[in-house]
>>> print(open('coords24.txt').read())   # compact mmCIF, C-alpha atoms
# COMPACT_ATOMS: atom_id res chain seq x y z
CA MET R 145 9.67 -27.43 7.78
CA THR R 146 11.73 -27.17 4.66
CA TYR R 147 13.73 -24.09 3.86
CA HIS R 148 11.57 -23.25 0.83
CA PHE R 149 8.37 -23.53 2.87
CA ARG R 150 9.78 -21.28 5.63
CA LEU R 151 10.91 -18.74 3.04
CA CYS R 152 7.46 -18.64 1.41
CA LEU R 153 5.81 -18.38 4.82
CA PHE R 154 8.13 -15.51 5.83
CA ILE R 155 7.44 -13.60 2.60
CA ALA R 156 3.69 -14.14 2.99
CA LEU R 157 3.74 -12.92 6.59
CA LEU R 158 5.73 -9.81 5.64
CA ALA R 159 3.30 -9.04 2.82
CA ILE R 160 0.25 -9.51 5.05
CA ALA R 161 1.75 -7.49 7.91
CA SER R 162 2.76 -4.59 5.70
CA ALA R 163 -0.37 -4.55 3.51
CA GLY R 164 -2.24 -2.31 5.91
CA LEU R 165 0.56 0.19 6.41
CA VAL R 166 -0.29 2.60 3.60
CA SER R 167 -3.62 4.21 3.10
CA PRO R 168 -4.15 6.29 0.02
CA GLY R 169 -3.57 9.97 0.67
CA SER R 170 -6.48 12.36 0.55
CA ALA R 171 -6.70 15.01 -2.13
CA ALA R 172 -5.98 17.67 0.50
CA ALA R 173 -2.75 16.01 1.65
CA GLU R 174 0.49 17.84 1.00
CA GLU R 175 3.28 16.95 -1.36
CA VAL R 176 6.78 16.19 -0.11
CA PRO R 177 8.21 19.42 1.33
CA ALA R 178 10.30 21.22 -1.27
CA PHE R 179 13.38 21.47 0.97
CA TRP R 180 13.57 17.64 1.09
CA LYS R 181 13.82 17.25 -2.67
CA LYS R 182 17.43 18.41 -2.86
CA SER R 183 18.59 15.48 -0.72
CA MET R 184 16.24 12.88 -2.24
CA THR R 185 18.83 11.32 -4.53
CA ASN R 186 20.49 7.98 -5.25
CA ASP R 187 23.74 9.35 -3.86
CA PRO R 188 24.63 8.46 -0.25
CA ALA R 189 26.81 11.59 -0.13
CA THR R 190 23.65 13.74 -0.28
CA ASN R 191 20.99 11.29 0.96
CA HIS R 192 21.62 10.66 4.66
CA TYR R 193 19.02 7.87 4.84
CA VAL R 194 20.66 5.89 2.04
CA ALA R 195 24.05 6.37 3.71
CA GLU R 196 22.63 5.06 7.02
CA ALA R 197 21.06 2.05 5.28
CA MET R 198 24.45 1.23 3.74
CA LYS R 199 26.17 1.02 7.13
CA PRO R 200 26.26 -2.66 8.11
CA LEU R 201 25.11 -3.73 11.55
CA ASP R 202 27.67 -5.41 13.81
CA ASN R 203 25.58 -8.58 13.91
CA PRO R 204 25.48 -10.27 10.45
CA ASP R 205 22.17 -12.01 11.24
CA ALA R 206 20.58 -8.68 12.18
CA GLN R 207 21.98 -7.18 8.98
CA THR R 208 20.30 -9.93 6.94
CA LEU R 209 16.96 -9.36 8.65
CA ARG R 210 17.25 -5.58 8.29
CA VAL R 211 17.95 -5.84 4.56
CA VAL R 212 14.97 -8.16 4.02
CA LYS R 213 12.67 -5.93 6.09
CA LEU R 214 13.85 -2.76 4.34
CA ALA R 215 13.42 -4.24 0.85
CA ASN R 216 9.96 -5.55 1.70
CA SER R 217 8.93 -2.23 3.29
CA LEU R 218 10.08 -0.23 0.28
CA ALA R 219 8.32 -2.65 -2.09
CA THR R 220 5.12 -2.10 -0.11
CA LEU R 221 5.36 1.63 0.60
CA CYS R 222 7.05 3.09 -2.51
CA SER R 223 5.04 3.89 -5.62
CA GLY R 224 5.63 1.39 -8.42
CA ALA R 225 8.24 -0.61 -6.49
CA SER R 226 8.00 -4.39 -6.29
CA LEU R 227 9.98 -7.15 -4.65
CA ASN R 228 11.93 -9.54 -6.87
CA LYS R 229 11.13 -12.84 -5.16
CA LYS R 230 13.79 -14.79 -7.07
CA ALA R 231 16.48 -12.33 -5.99
CA LEU R 232 15.12 -12.35 -2.44
CA TYR R 233 15.29 -16.15 -2.34
CA ALA R 234 18.88 -16.02 -3.66
CA TYR R 235 19.82 -13.36 -1.08
CA MET R 236 18.27 -15.34 1.76
CA THR R 237 20.03 -18.50 0.60
CA GLU R 238 23.37 -16.70 0.28
CA THR R 239 23.08 -15.14 3.74
CA ARG R 240 21.82 -18.42 5.29
CA PHE R 241 18.62 -16.83 6.49
CA ALA R 242 17.03 -20.20 7.35
CA GLU R 243 19.90 -21.00 9.71
CA ILE R 244 19.12 -18.04 11.98
CA LYS R 245 17.13 -19.74 14.73
CA GLY R 246 16.05 -19.49 18.34
CA THR R 247 17.73 -16.93 20.56
CA ALA R 248 20.09 -15.83 17.78
CA TYR R 249 17.08 -15.00 15.58
CA ASN R 250 15.27 -13.15 18.37
CA GLU R 251 18.35 -11.04 19.15
CA ALA R 252 18.91 -10.32 15.46
CA ALA R 253 15.23 -9.41 15.00
CA PHE R 254 15.40 -7.02 17.97
CA LEU R 255 18.52 -5.31 16.55
CA ALA R 256 17.06 -5.11 13.03
CA ASP R 257 13.73 -3.75 14.30
CA SER R 258 15.51 -1.13 16.42
CA THR R 259 16.93 0.46 13.25
CA PHE R 260 13.32 1.26 12.23
CA ARG R 261 12.26 2.64 15.61
CA TYR R 262 11.94 6.26 14.43
CA PHE R 263 10.93 5.52 10.84
CA ASP R 264 8.95 8.42 9.45
CA TYR R 265 7.69 9.82 6.17
CA ARG R 266 10.88 11.77 5.57
CA ALA R 267 12.99 8.58 5.89
CA LEU R 268 10.54 6.73 3.63
CA ALA R 269 10.62 9.46 0.97
CA HIS R 270 14.42 9.50 0.95
CA LEU R 271 14.71 5.70 0.90
CA CYS R 272 12.17 5.45 -1.94
CA ALA R 273 14.27 7.98 -3.87
CA GLY R 274 17.42 5.94 -3.15
CA SER R 275 15.88 2.50 -3.63
CA ALA R 276 17.61 1.93 -6.98
CA TYR R 277 20.98 2.62 -5.35
CA LEU R 278 20.22 0.17 -2.54
CA PHE R 279 18.31 -2.62 -4.28
CA GLY R 280 18.19 -1.97 -8.03
CA PRO R 281 19.87 -4.20 -10.63
CA LYS R 282 23.26 -2.78 -9.63
CA GLY R 283 22.23 -2.23 -6.00
CA HIS R 284 24.96 -1.58 -3.48
CA LEU R 285 23.18 -3.16 -0.50
CA ALA R 286 21.55 -6.19 -2.13
CA PRO R 287 21.47 -6.12 -5.95
CA GLY R 288 18.21 -6.88 -7.70
CA LEU R 289 15.94 -7.27 -4.66
CA LEU R 290 13.66 -4.48 -5.81
CA LYS R 291 12.28 -2.98 -8.97
CA PRO R 292 12.61 0.61 -7.74
CA GLY R 293 9.49 2.19 -9.26
CA LYS R 294 8.89 5.96 -9.23
CA GLY R 295 11.16 6.85 -6.30
CA LYS R 296 8.44 8.32 -4.12
CA PRO R 297 6.04 7.04 -1.44
CA LYS R 298 2.56 5.77 -2.35
CA ALA R 299 0.91 7.76 0.43
CA SER R 300 0.80 11.55 0.57
CA TYR R 301 2.68 13.49 3.20
CA ASP R 302 0.72 14.28 6.35
CA PRO R 303 2.70 16.67 8.60
CA ASP R 304 0.36 15.86 11.52
CA ASN R 305 1.09 12.12 11.30
CA ALA R 306 4.62 11.71 9.97
CA PHE R 307 5.65 8.50 11.76
CA ILE R 308 5.19 5.19 9.99
CA THR R 309 4.87 2.12 12.17
CA LEU R 310 6.40 -0.93 10.57
CA PRO R 311 5.38 -4.32 11.94
CA PRO R 312 8.09 -5.99 14.03
CA LEU R 313 9.82 -9.08 12.73
CA ALA R 314 8.13 -12.17 14.11
CA ARG R 315 9.86 -13.71 17.10
CA ARG R 316 10.71 -17.40 17.03
CA SER R 317 10.67 -19.69 19.99
>>> encode(input="coords24.txt", output="structure tokens")
Amino acid sequence: MTYHFRLCLFIALLAIASAGLVSPGSAAAEEVPAFWKKSMTNDPATNHYVAEAMKPLDNPDAQTLRVVKLANSLATLCSGASLNKKALYAYMTETRFAEIKGTAYNEAAFLADSTFRYFDYRALAHLCAGSAYLFGPKGHLAPGLLKPGKGKPKASYDPDNAFITLPPLARRS
């Protein structure tokens, strides 16, 4: 398979896998808790989740996969946000995404997925608020990967079901 075909296939699989993650909130669902709003900023000094996202993983391949997964997840789960496919293609080319294969890919995917193990609504709300800092035109993690949108999640907050299950990265043989 060519690099371009694999890239398109990967983007399509991410979009399909994450399409079912958000269901519209009911009218009775709560807003984001007021005490969260103070830390929901574009500043990693006040937004712990943005600061954590900025910390690189020890494995550069895992870092690449984590950045792609985070950008795609925010594009899917944040209100008004969208993925810039040209910038994503450039990022994946620059980081040699297509060259991550076999066991190296599987190990990197495991490490990247483990950073989302306890992903919940609070993390999502804070990352949506900080998406411009991470992925906007002057993004500090990967510039231009995302049009940030409104800075809040699409779904309403449900205190009884706060965890958000993100699909794992596909394993390669």
>>> closest_atom_pairs(input="coords24.txt", of="region 252-309 of chain R", to="region 198-213 of chain R", cutoff="10 Å", atoms="all atoms listed in the file", output="tab-separated table")
residue	atom	partner	partner_atom	distance
R:Ala252	CA	R:Ala206	CA	4.0
R:Ala253	CA	R:Ala206	CA	6.1
R:Phe254	CA	R:Ala206	CA	7.9
R:Leu255	CA	R:Ala206	CA	5.9
R:Ala256	CA	R:Arg210	CA	4.8
R:Asp257	CA	R:Arg210	CA	7.2
R:Ser258	CA	R:Arg210	CA	9.4
R:Thr259	CA	R:Arg210	CA	7.8
R:Phe260	CA	R:Arg210	CA	8.8
R:Tyr277	CA	R:Met198	CA	9.8
R:Leu278	CA	R:Met198	CA	7.6
R:Phe279	CA	R:Val211	CA	9.4
R:His284	CA	R:Met198	CA	7.8
R:Leu285	CA	R:Met198	CA	6.2
R:Ala286	CA	R:Val211	CA	7.6
R:Leu289	CA	R:Val212	CA	8.8
>>> axis_aligned_box(input="coords24.txt", around="region 222-227 of chain R", padding_each_side="6 Å", output="JSON")
{"center_x": 7.5, "center_y": -1.6, "center_z": -5.5, "size_x": 16.9, "size_y": 23.0, "size_z": 17.9}
>>> atom_distance(input="coords24.txt", atom1="CA of Ala197 (chain R)", atom2="CA of Arg316 (chain R)")
25.0 Å
>>> closest_residue(input="coords24.txt", among="R:Met236, R:Ala273, R:Ala178, R:Leu313", to="Thr190 (chain R)", atoms="all atoms listed in the file")
R:Ala273
>>> atom_distance(input="coords24.txt", atom1="CA of Thr185 (chain R)", atom2="CA of His270 (chain R)")
7.3 Å
>>> closest_residue(input="coords24.txt", among="R:Leu310, R:Asn186, R:Leu221, R:Tyr301", to="Lys282 (chain R)", atoms="all atoms listed in the file")
R:Asn186
>>> atom_distance(input="coords24.txt", atom1="CA of Gly274 (chain R)", atom2="CA of Leu227 (chain R)")
15.1 Å
>>> closest_residue(input="coords24.txt", among="R:Thr247, R:Ser300, R:Thr239, R:Ser217", to="Pro312 (chain R)", atoms="only C-alpha atoms")
R:Ser217
>>> closest_residue(input="coords24.txt", among="R:Pro311, R:Gly288, R:Gly283, R:Gly293", to="Leu218 (chain R)", atoms="all atoms listed in the file")
R:Gly293
>>> closest_residue(input="coords24.txt", among="R:Ala195, R:Leu214, R:Met184, R:Ala314", to="Phe263 (chain R)", atoms="all atoms listed in the file")
R:Leu214
>>> closest_residue(input="coords24.txt", among="R:Ala231, R:Ala269, R:Ala225, R:Ala306", to="Val194 (chain R)", atoms="only C-alpha atoms")
R:Ala269
